[in-house]
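Visitor: Provided herewith: data-v8.pdb, PDB, N, CA and C atoms.
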MODEL        1
ATOM      1  N   TRP L   3       0.848  -1.174   0.000
ATOM      2  CA  TRP L   3       0.000   0.000   0.000
ATOM      3  C   TRP L   3       0.884   1.223   0.000
ATOM      4  N   ALA L   4       0.580   2.139  -0.896
ATOM      5  CA  ALA L   4       1.294   3.411  -0.937
ATOM      6  C   ALA L   4       0.240   4.494  -1.052
ATOM      7  N   GLY L   5       0.087   5.218   0.005
ATOM      8  CA  GLY L   5      -0.933   6.261   0.015
ATOM      9  C   GLY L   5      -0.792   7.110   1.246
ATOM     10  N   VAL L   6      -1.810   7.878   1.513
ATOM     11  CA  VAL L   6      -1.802   8.745   2.684
ATOM     12  C   VAL L   6      -2.739   8.173   3.726
ATOM     13  N   ILE L   7      -2.572   8.589   4.961
ATOM     14  CA  ILE L   7      -3.365   8.055   6.065
ATOM     15  C   ILE L   7      -4.860   8.301   5.859
ATOM     16  N   ASP L   8      -5.216   9.395   5.220
ATOM     17  CA  ASP L   8      -6.639   9.685   4.977
ATOM     18  C   ASP L   8      -7.293   8.602   4.124
ATOM     19  N   ASP L   9      -6.526   7.924   3.289
ATOM     20  CA  ASP L   9      -7.081   6.831   2.484
ATOM     21  C   ASP L   9      -7.594   5.698   3.365
ATOM     22  N   LEU L  10      -6.925   5.450   4.489
ATOM     23  CA  LEU L  10      -7.350   4.380   5.390
ATOM     24  C   LEU L  10      -8.711   4.664   6.003
ATOM     25  N   TRP L  11      -9.002   5.917   6.311
ATOM     26  CA  TRP L  11     -10.284   6.260   6.935
ATOM     27  C   TRP L  11     -11.452   6.004   5.997
ATOM     28  N   GLN L  12     -11.208   5.945   4.709
ATOM     29  CA  GLN L  12     -12.278   5.627   3.765
ATOM     30  C   GLN L  12     -12.756   4.189   3.929
ATOM     31  N   LEU L  13     -11.943   3.352   4.543
ATOM     32  CA  LEU L  13     -12.324   1.966   4.798
ATOM     33  C   LEU L  13     -13.299   1.846   5.965
ATOM     34  N   GLY L  14     -13.429   2.910   6.755
ATOM     35  CA  GLY L  14     -14.305   2.888   7.919
ATOM     36  C   GLY L  14     -13.533   2.573   9.183
ATOM     37  N   LYS L  15     -14.222   2.686  10.310
ATOM     38  CA  LYS L  15     -13.597   2.417  11.600
ATOM     39  C   LYS L  15     -13.377   0.921  11.772
ATOM     40  N   PRO L  16     -12.363   0.539  12.571
ATOM     41  CA  PRO L  16     -12.099  -0.890  12.765
ATOM     42  C   PRO L  16     -13.210  -1.566  13.576
ATOM     43  N   VAL L  17     -13.559  -2.779  13.179
ATOM     44  CA  VAL L  17     -14.547  -3.601  13.880
ATOM     45  C   VAL L  17     -14.038  -5.037  13.903
ATOM     46  N   GLY L  18     -14.649  -5.879  14.734
ATOM     47  CA  GLY L  18     -14.266  -7.282  14.741
ATOM     48  C   GLY L  18     -14.625  -7.947  16.050
ATOM     49  N   ASN L  19     -14.286  -9.223  16.139
ATOM     50  CA  ASN L  19     -14.492  -9.947  17.389
ATOM     51  C   ASN L  19     -13.394 -10.978  17.552
ATOM     52  N   GLY L  20     -13.167 -11.318  18.796
ATOM     53  CA  GLY L  20     -12.136 -12.290  19.130
ATOM     54  C   GLY L  20     -11.830 -12.190  20.608
ATOM     55  N   GLY L  21     -10.848 -12.921  21.028
ATOM     56  CA  GLY L  21     -10.475 -12.895  22.434
ATOM     57  C   GLY L  21      -9.378 -13.890  22.716
ATOM     58  N   PRO L  22      -8.855 -13.850  23.926
ATOM     59  CA  PRO L  22      -7.750 -14.732  24.267
ATOM     60  C   PRO L  22      -8.170 -16.168  24.561
ATOM     61  N   TRP L  23      -9.452 -16.389  24.900
ATOM     62  CA  TRP L  23      -9.919 -17.740  25.227
ATOM     63  C   TRP L  23     -11.200 -18.053  24.467
ATOM     64  N   LYS L  24     -11.229 -19.210  23.841
ATOM     65  CA  LYS L  24     -12.461 -19.751  23.265
ATOM     66  C   LYS L  24     -12.467 -21.237  23.578
ATOM     67  N   ASP L  25     -13.287 -21.623  24.566
ATOM     68  CA  ASP L  25     -13.316 -23.003  25.055
ATOM     69  C   ASP L  25     -11.904 -23.490  25.375
ATOM     70  N   THR L  26     -11.197 -22.692  26.144
ATOM     71  CA  THR L  26      -9.798 -22.940  26.472
ATOM     72  C   THR L  26      -9.661 -23.445  27.906
ATOM     73  N   GLU L  27      -8.857 -24.476  28.096
ATOM     74  CA  GLU L  27      -8.551 -24.953  29.450
ATOM     75  C   GLU L  27      -7.635 -23.931  30.103
ATOM     76  N   VAL L  28      -8.096 -23.336  31.218
ATOM     77  CA  VAL L  28      -7.304 -22.341  31.917
ATOM     78  C   VAL L  28      -7.057 -22.789  33.353
ATOM     79  N   LYS L  29      -5.969 -22.331  33.901
ATOM     80  CA  LYS L  29      -5.589 -22.644  35.276
ATOM     81  C   LYS L  29      -5.930 -21.462  36.180
ATOM     82  N   ALA L  30      -6.375 -21.749  37.380
ATOM     83  CA  ALA L  30      -6.752 -20.717  38.347
ATOM     84  C   ALA L  30      -5.607 -19.729  38.567
ATOM     85  N   GLY L  31      -5.934 -18.439  38.496
ATOM     86  CA  GLY L  31      -4.969 -17.398  38.799
ATOM     87  C   GLY L  31      -3.949 -17.092  37.718
ATOM     88  N   ILE L  32      -3.939 -17.856  36.639
ATOM     89  CA  ILE L  32      -2.982 -17.620  35.551
ATOM     90  C   ILE L  32      -3.662 -16.715  34.513
ATOM     91  N   VAL L  33      -3.049 -15.557  34.250
ATOM     92  CA  VAL L  33      -3.674 -14.599  33.344
ATOM     93  C   VAL L  33      -3.539 -15.034  31.885
ATOM     94  N   SER L  34      -4.527 -14.633  31.103
ATOM     95  CA  SER L  34      -4.514 -14.896  29.663
ATOM     96  C   SER L  34      -3.456 -14.034  28.991
ATOM     97  N   ASP L  35      -3.217 -14.311  27.736
ATOM     98  CA  ASP L  35      -2.419 -13.392  26.934
ATOM     99  C   ASP L  35      -3.184 -12.076  26.840
ATOM    100  N   PRO L  36      -2.493 -10.957  26.722
ATOM    101  CA  PRO L  36      -3.182  -9.685  26.537
ATOM    102  C   PRO L  36      -3.906  -9.660  25.189
ATOM    103  N   TYR L  37      -5.021  -8.946  25.158
ATOM    104  CA  TYR L  37      -5.809  -8.812  23.931
ATOM    105  C   TYR L  37      -6.034  -7.318  23.682
ATOM    106  N   LEU L  38      -5.809  -6.894  22.454
ATOM    107  CA  LEU L  38      -5.888  -5.481  22.101
ATOM    108  C   LEU L  38      -7.296  -4.921  22.285
ATOM    109  N   MET L  39      -7.397  -3.740  22.893
ATOM    110  CA  MET L  39      -8.687  -3.064  23.098
ATOM    111  C   MET L  39      -8.718  -1.681  22.485
ATOM    112  N   ALA L  40      -7.591  -1.121  22.185
ATOM    113  CA  ALA L  40      -7.518   0.273  21.750
ATOM    114  C   ALA L  40      -8.112   0.468  20.361
ATOM    115  N   PHE L  41      -8.619   1.667  20.139
ATOM    116  CA  PHE L  41      -9.052   2.155  18.833
ATOM    117  C   PHE L  41     -10.398   1.630  18.359
ATOM    118  N   TYR L  42     -11.168   1.012  19.238
ATOM    119  CA  TYR L  42     -12.515   0.567  18.895
ATOM    120  C   TYR L  42     -13.517   1.411  19.678
ATOM    121  N   ASP L  43     -14.608   1.790  19.037
ATOM    122  CA  ASP L  43     -15.590   2.664  19.685
ATOM    123  C   ASP L  43     -16.489   1.926  20.661
ATOM    124  N   LYS L  44     -17.145   0.878  20.195
ATOM    125  CA  LYS L  44     -18.104   0.146  21.019
ATOM    126  C   LYS L  44     -17.522  -1.216  21.348
ATOM    127  N   LYS L  45     -17.425  -1.499  22.656
ATOM    128  CA  LYS L  45     -16.782  -2.731  23.099
ATOM    129  C   LYS L  45     -17.743  -3.520  23.983
ATOM    130  N   GLU L  46     -17.871  -4.822  23.687
ATOM    131  CA  GLU L  46     -18.716  -5.684  24.516
ATOM    132  C   GLU L  46     -17.948  -6.958  24.845
ATOM    133  N   LEU L  47     -18.031  -7.370  26.099
ATOM    134  CA  LEU L  47     -17.335  -8.544  26.616
ATOM    135  C   LEU L  47     -18.329  -9.671  26.851
ATOM    136  N   SER L  48     -17.938 -10.905  26.491
ATOM    137  CA  SER L  48     -18.740 -12.094  26.781
ATOM    138  C   SER L  48     -17.858 -13.097  27.524
ATOM    139  N   LEU L  49     -18.381 -13.616  28.633
ATOM    140  CA  LEU L  49     -17.669 -14.612  29.433
ATOM    141  C   LEU L  49     -18.551 -15.844  29.592
ATOM    142  N   ALA L  50     -17.942 -17.033  29.530
ATOM    143  CA  ALA L  50     -18.671 -18.288  29.731
ATOM    144  C   ALA L  50     -17.687 -19.352  30.208
ATOM    145  N   HIS L  51     -18.239 -20.479  30.694
ATOM    146  CA  HIS L  51     -17.402 -21.577  31.175
ATOM    147  C   HIS L  51     -18.221 -22.872  31.183
ATOM    148  N   ASN L  52     -17.554 -23.993  31.470
ATOM    149  CA  ASN L  52     -18.229 -25.294  31.475
ATOM    150  C   ASN L  52     -18.368 -25.896  32.873
ATOM    151  N   SER L  53     -18.037 -25.153  33.915
ATOM    152  CA  SER L  53     -18.068 -25.683  35.277
ATOM    153  C   SER L  53     -19.503 -25.870  35.773
ATOM    154  N   LYS L  54     -19.669 -26.807  36.696
ATOM    155  CA  LYS L  54     -20.976 -27.016  37.332
ATOM    156  C   LYS L  54     -21.185 -26.057  38.502
ATOM    157  N   SER L  55     -20.165 -25.239  38.779
ATOM    158  CA  SER L  55     -20.223 -24.222  39.840
ATOM    159  C   SER L  55     -19.964 -22.850  39.227
ATOM    160  N   SER L  56     -20.302 -21.820  39.974
ATOM    161  CA  SER L  56     -20.014 -20.461  39.518
ATOM    162  C   SER L  56     -18.507 -20.240  39.434
ATOM    163  N   VAL L  57     -18.098 -19.421  38.494
ATOM    164  CA  VAL L  57     -16.690 -19.093  38.278
ATOM    165  C   VAL L  57     -16.539 -17.575  38.309
ATOM    166  N   THR L  58     -15.504 -17.117  39.011
ATOM    167  CA  THR L  58     -15.203 -15.687  39.039
ATOM    168  C   THR L  58     -14.112 -15.386  38.017
ATOM    169  N   PHE L  59     -14.412 -14.471  37.121
ATOM    170  CA  PHE L  59     -13.464 -13.996  36.117
ATOM    171  C   PHE L  59     -12.946 -12.638  36.580
ATOM    172  N   LYS L  60     -11.629 -12.504  36.673
ATOM    173  CA  LYS L  60     -11.032 -11.208  36.969
ATOM    174  C   LYS L  60     -10.621 -10.581  35.649
ATOM    175  N   VAL L  61     -10.973  -9.319  35.475
ATOM    176  CA  VAL L  61     -10.663  -8.570  34.255
ATOM    177  C   VAL L  61      -9.648  -7.491  34.616
ATOM    178  N   GLU L  62      -8.508  -7.517  33.934
ATOM    179  CA  GLU L  62      -7.475  -6.512  34.144
ATOM    180  C   GLU L  62      -7.256  -5.758  32.838
ATOM    181  N   VAL L  63      -6.966  -4.463  32.952
ATOM    182  CA  VAL L  63      -6.690  -3.653  31.772
ATOM    183  C   VAL L  63      -5.370  -2.912  31.950
ATOM    184  N   ASP L  64      -4.772  -2.593  30.829
ATOM    185  CA  ASP L  64      -3.562  -1.784  30.779
ATOM    186  C   ASP L  64      -3.918  -0.515  30.006
ATOM    187  N   PRO L  65      -4.151   0.588  30.698
ATOM    188  CA  PRO L  65      -4.593   1.799  30.006
ATOM    189  C   PRO L  65      -3.502   2.515  29.222
ATOM    190  N   THR L  66      -2.235   2.262  29.532
ATOM    191  CA  THR L  66      -1.144   3.006  28.902
ATOM    192  C   THR L  66      -0.425   2.245  27.791
ATOM    193  N   GLY L  67      -0.525   0.918  27.818
ATOM    194  CA  GLY L  67       0.251   0.116  26.874
ATOM    195  C   GLY L  67       1.661  -0.139  27.356
ATOM    196  N   ASN L  68       1.954   0.236  28.596
ATOM    197  CA  ASN L  68       3.305   0.089  29.148
ATOM    198  C   ASN L  68       3.402  -1.001  30.209
ATOM    199  N   GLY L  69       2.412  -1.896  30.259
ATOM    200  CA  GLY L  69       2.434  -2.953  31.261
ATOM    201  C   GLY L  69       1.899  -2.516  32.608
ATOM    202  N   ASP L  70       1.128  -1.439  32.632
ATOM    203  CA  ASP L  70       0.542  -0.921  33.878
ATOM    204  C   ASP L  70      -0.812  -1.594  34.131
ATOM    205  N   TRP L  71      -0.791  -2.878  34.464
ATOM    206  CA  TRP L  71      -2.018  -3.654  34.643
ATOM    207  C   TRP L  71      -2.737  -3.265  35.930
ATOM    208  N   MET L  72      -4.051  -3.132  35.826
ATOM    209  CA  MET L  72      -4.875  -2.856  37.001
ATOM    210  C   MET L  72      -6.188  -3.606  36.868
ATOM    211  N   GLU L  73      -6.717  -4.008  38.017
ATOM    212  CA  GLU L  73      -7.989  -4.730  37.988
ATOM    213  C   GLU L  73      -9.112  -3.776  37.611
ATOM    214  N   TYR L  74      -9.882  -4.158  36.609
ATOM    215  CA  TYR L  74     -11.045  -3.373  36.188
ATOM    216  C   TYR L  74     -12.300  -3.853  36.896
ATOM    217  N   ALA L  75     -12.482  -5.180  36.958
ATOM    218  CA  ALA L  75     -13.684  -5.739  37.581
ATOM    219  C   ALA L  75     -13.500  -7.228  37.779
ATOM    220  N   SER L  76     -14.377  -7.805  38.598
ATOM    221  CA  SER L  76     -14.513  -9.257  38.733
ATOM    222  C   SER L  76     -15.975  -9.575  38.496
ATOM    223  N   TYR L  77     -16.225 -10.603  37.705
ATOM    224  CA  TYR L  77     -17.598 -10.994  37.379
ATOM    225  C   TYR L  77     -17.793 -12.464  37.723
ATOM    226  N   VAL L  78     -18.880 -12.769  38.409
ATOM    227  CA  VAL L  78     -19.231 -14.147  38.731
ATOM    228  C   VAL L  78     -20.187 -14.637  37.653
ATOM    229  N   VAL L  79     -19.798 -15.735  36.998
ATOM    230  CA  VAL L  79     -20.617 -16.315  35.940
ATOM    231  C   VAL L  79     -21.170 -17.635  36.452
ATOM    232  N   LYS L  80     -22.485 -17.743  36.443
ATOM    233  CA  LYS L  80     -23.170 -18.936  36.951
ATOM    234  C   LYS L  80     -22.963 -20.121  36.012
ATOM    235  N   PRO L  81     -23.155 -21.344  36.517
ATOM    236  CA  PRO L  81     -23.008 -22.524  35.666
ATOM    237  C   PRO L  81     -23.984 -22.471  34.497
ATOM    238  N   GLY L  82     -23.491 -22.831  33.326
ATOM    239  CA  GLY L  82     -24.332 -22.863  32.137
ATOM    240  C   GLY L  82     -24.755 -21.501  31.638
ATOM    241  N   GLY L  83     -24.262 -20.462  32.273
ATOM    242  CA  GLY L  83     -24.654 -19.109  31.898
ATOM    243  C   GLY L  83     -23.616 -18.431  31.037
ATOM    244  N   LYS L  84     -24.015 -17.305  30.494
ATOM    245  CA  LYS L  84     -23.119 -16.468  29.719
ATOM    246  C   LYS L  84     -23.287 -15.050  30.243
ATOM    247  N   PHE L  85     -22.187 -14.409  30.541
ATOM    248  CA  PHE L  85     -22.206 -13.048  31.053
ATOM    249  C   PHE L  85     -21.782 -12.111  29.927
ATOM    250  N   THR L  86     -22.517 -11.024  29.743
ATOM    251  CA  THR L  86     -22.106 -10.005  28.779
ATOM    252  C   THR L  86     -22.055  -8.651  29.467
ATOM    253  N   TYR L  87     -21.122  -7.838  29.019
ATOM    254  CA  TYR L  87     -20.923  -6.512  29.588
ATOM    255  C   TYR L  87     -20.550  -5.562  28.463
ATOM    256  N   ARG L  88     -21.258  -4.465  28.381
ATOM    257  CA  ARG L  88     -20.929  -3.427  27.408
ATOM    258  C   ARG L  88     -20.135  -2.339  28.131
ATOM    259  N   PHE L  89     -18.921  -2.105  27.663
ATOM    260  CA  PHE L  89     -18.087  -1.071  28.258
ATOM    261  C   PHE L  89     -18.683   0.302  27.966
ATOM    262  N   PRO L  90     -18.598   1.241  28.920
ATOM    263  CA  PRO L  90     -19.112   2.590  28.669
ATOM    264  C   PRO L  90     -18.338   3.269  27.537
ATOM    265  N   ALA L  91     -18.989   4.191  26.872
ATOM    266  CA  ALA L  91     -18.364   4.898  25.745
ATOM    267  C   ALA L  91     -17.080   5.608  26.169
ATOM    268  N   SER L  92     -17.005   6.033  27.411
ATOM    269  CA  SER L  92     -15.825   6.762  27.897
ATOM    270  C   SER L  92     -14.653   5.844  28.256
ATOM    271  N   PHE L  93     -14.860   4.531  28.251
ATOM    272  CA  PHE L  93     -13.820   3.585  28.644
ATOM    273  C   PHE L  93     -12.700   3.572  27.608
ATOM    274  N   ALA L  94     -11.458   3.607  28.087
ATOM    275  CA  ALA L  94     -10.299   3.551  27.194
ATOM    276  C   ALA L  94      -9.200   2.719  27.843
ATOM    277  N   ALA L  95      -8.675   1.775  27.108
ATOM    278  CA  ALA L  95      -7.531   0.973  27.539
ATOM    279  C   ALA L  95      -6.847   0.433  26.294
ATOM    280  N   ARG L  96      -5.580   0.123  26.409
ATOM    281  CA  ARG L  96      -4.829  -0.457  25.286
ATOM    282  C   ARG L  96      -5.016  -1.970  25.220
ATOM    283  N   TRP L  97      -4.936  -2.618  26.383
ATOM    284  CA  TRP L  97      -4.956  -4.077  26.442
ATOM    285  C   TRP L  97      -5.901  -4.546  27.537
ATOM    286  N   ILE L  98      -6.372  -5.794  27.395
ATOM    287  CA  ILE L  98      -7.207  -6.434  28.402
ATOM    288  C   ILE L  98      -6.719  -7.871  28.576
ATOM    289  N   ARG L  99      -6.865  -8.416  29.777
ATOM    290  CA  ARG L  99      -6.525  -9.817  30.024
ATOM    291  C   ARG L  99      -7.434 -10.347  31.129
ATOM    292  N   PHE L 100      -7.457 -11.677  31.285
ATOM    293  CA  PHE L 100      -8.414 -12.331  32.167
ATOM    294  C   PHE L 100      -7.746 -13.412  32.992
ATOM    295  N   SER L 101      -8.363 -13.732  34.125
ATOM    296  CA  SER L 101      -7.996 -14.914  34.903
ATOM    297  C   SER L 101      -9.255 -15.410  35.590
ATOM    298  N   THR L 102      -9.204 -16.657  36.069
ATOM    299  CA  THR L 102     -10.337 -17.246  36.783
ATOM    300  C   THR L 102      -9.873 -17.711  38.160
ATOM    301  N   ASN L 103     -10.850 -17.976  39.028
ATOM    302  CA  ASN L 103     -10.514 -18.419  40.384
ATOM    303  C   ASN L 103     -10.374 -19.932  40.498
ATOM    304  N   VAL L 104     -10.704 -20.666  39.437
ATOM    305  CA  VAL L 104     -10.608 -22.133  39.435
ATOM    306  C   VAL L 104     -10.106 -22.610  38.071
ATOM    307  N   ASP L 105      -9.586 -23.842  38.037
ATOM    308  CA  ASP L 105      -9.255 -24.465  36.761
ATOM    309  C   ASP L 105     -10.568 -24.756  36.037
ATOM    310  N   VAL L 106     -10.663 -24.372  34.779
ATOM    311  CA  VAL L 106     -11.930 -24.502  34.061
ATOM    312  C   VAL L 106     -11.704 -24.334  32.554
ATOM    313  N   ARG L 107     -12.647 -24.796  31.766
ATOM    314  CA  ARG L 107     -12.666 -24.506  30.331
ATOM    315  C   ARG L 107     -13.477 -23.217  30.180
ATOM    316  N   ALA L 108     -12.836 -22.165  29.684
ATOM    317  CA  ALA L 108     -13.455 -20.835  29.692
ATOM    318  C   ALA L 108     -13.423 -20.168  28.328
ATOM    319  N   THR L 109     -14.318 -19.205  28.178
ATOM    320  CA  THR L 109     -14.373 -18.351  26.998
ATOM    321  C   THR L 109     -14.388 -16.898  27.462
ATOM    322  N   ALA L 110     -13.516 -16.101  26.882
ATOM    323  CA  ALA L 110     -13.497 -14.645  27.106
ATOM    324  C   ALA L 110     -13.339 -14.022  25.736
ATOM    325  N   MET L 111     -14.431 -13.473  25.220
ATOM    326  CA  MET L 111     -14.441 -12.913  23.860
ATOM    327  C   MET L 111     -14.894 -11.461  23.892
ATOM    328  N   LEU L 112     -14.421 -10.703  22.916
ATOM    329  CA  LEU L 112     -14.781  -9.297  22.798
ATOM    330  C   LEU L 112     -15.357  -9.040  21.413
ATOM    331  N   ASP L 113     -16.366  -8.194  21.393
ATOM    332  CA  ASP L 113     -17.000  -7.782  20.143
ATOM    333  C   ASP L 113     -16.789  -6.286  20.019
ATOM    334  N   TYR L 114     -16.160  -5.884  18.932
ATOM    335  CA  TYR L 114     -15.856  -4.479  18.708
ATOM    336  C   TYR L 114     -16.649  -3.962  17.523
ATOM    337  N   LYS L 115     -17.351  -2.847  17.737
ATOM    338  CA  LYS L 115     -18.158  -2.237  16.662
ATOM    339  C   LYS L 115     -17.807  -0.787  16.519
TER     340      LYS L 115
ENDMDL
END
Using structure tokens, write down the structure from this file.
Guide:
Amino acid sequence: WAGVIDDLWQLGKPVGNGGPWKDTEVKAGIVSDPYLMAFYDKKELSLAHNSKSSVTFKVEVDPTGNGDWMEYASYVVKPGGKFTYRFPASFAARWIRFSTNVDVRATAMLDYK
């Protein structure tokens, strides 16, 4: 590609979905790989698991991109349930990562619009 940055904006704003875990075996307290959050307008998080008990997901964000991780929230997801959370429009972070309180097969996905 050889052009100017304004040419990229003609493609529209970035959108997509993905995440660090999709039906992934995770170990308690071990954080996921970081997942990019920056530059998307509307962000929605989905959490799920296969445990017969409730699972607590800890959500950490890095607002600077310099490894400055801080806890954003913890969410308890009931067995067989799916938790969704829409981040406020004012929310800004570069990276996001997750951990659980138990060993479990988990999903942590993000939808960006």
Visitor: Neighbouring residues of Arg88 (chain L) were defined as those with any atom within 8 Å, considering all atoms listed in the file; residues of the same chain fewer than 3 positions away were excluded. Please report them as a PyMOL selection string.
Guide: chain L and resi 44-48+85+91
Visitor: Evaluate the PyMOL selection byres (((chain L and resi 25 and name CA) around 9) and name CA) here and jot the selected residues down as a list in words.
Guide: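 So the PyMOL selection byres (((chain L and resi 25 and name CA) around 9) and name CA), applied here, picks out Trp23, Lys24, Thr26, Glu27, Ala50, His51, Asn52, Arg107, Ala108, Thr109 and Ala110 of chain L.
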Visitor: Please return, as number ranges by chain, all residues of region 6-114 of chain L that DSSP assigns to strand (DSSP E or B) on the basis of the backbone.
Guide: L: 18-28, 37-38, 45-51, 57-64, 72-79, 84-88, 97-102, 106-114
Visitor: Assuming 4 Å of padding per side, give the centre and edge lengths of the axis-aligned box around every listed atom of region 16-20 of chain L, in Å to one decimal and as AutoDock Vina command-line options.
Guide:
--center_x -13.2 --center_y -5.9 --center_z 16.6 --size_x 10.8 --size_y 20.8 --size_z 16.0
Visitor: Suppose you want the space between atom C of Tyr77 (chain L) and atom C of Asp43 (chain L); what is it in Å?
Guide: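 Distance reported for this atom pair: 22.4 Å.
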Visitor: Determine the residue membership of the PyMOL selection byres ((chain L and resi 58) around 8) for the file above and supply it as a PyMOL selection string.
Guide: chain L and resi 55-57+59-61+76-80+101-104
Visitor: Would you kindly translate the PyMOL selection byres ((chain L and resi 40) around 6.5) into the concrete residues it picks from this file, as a ChimeraX atom specification?
Guide: /L:38-39,41-42,95-97
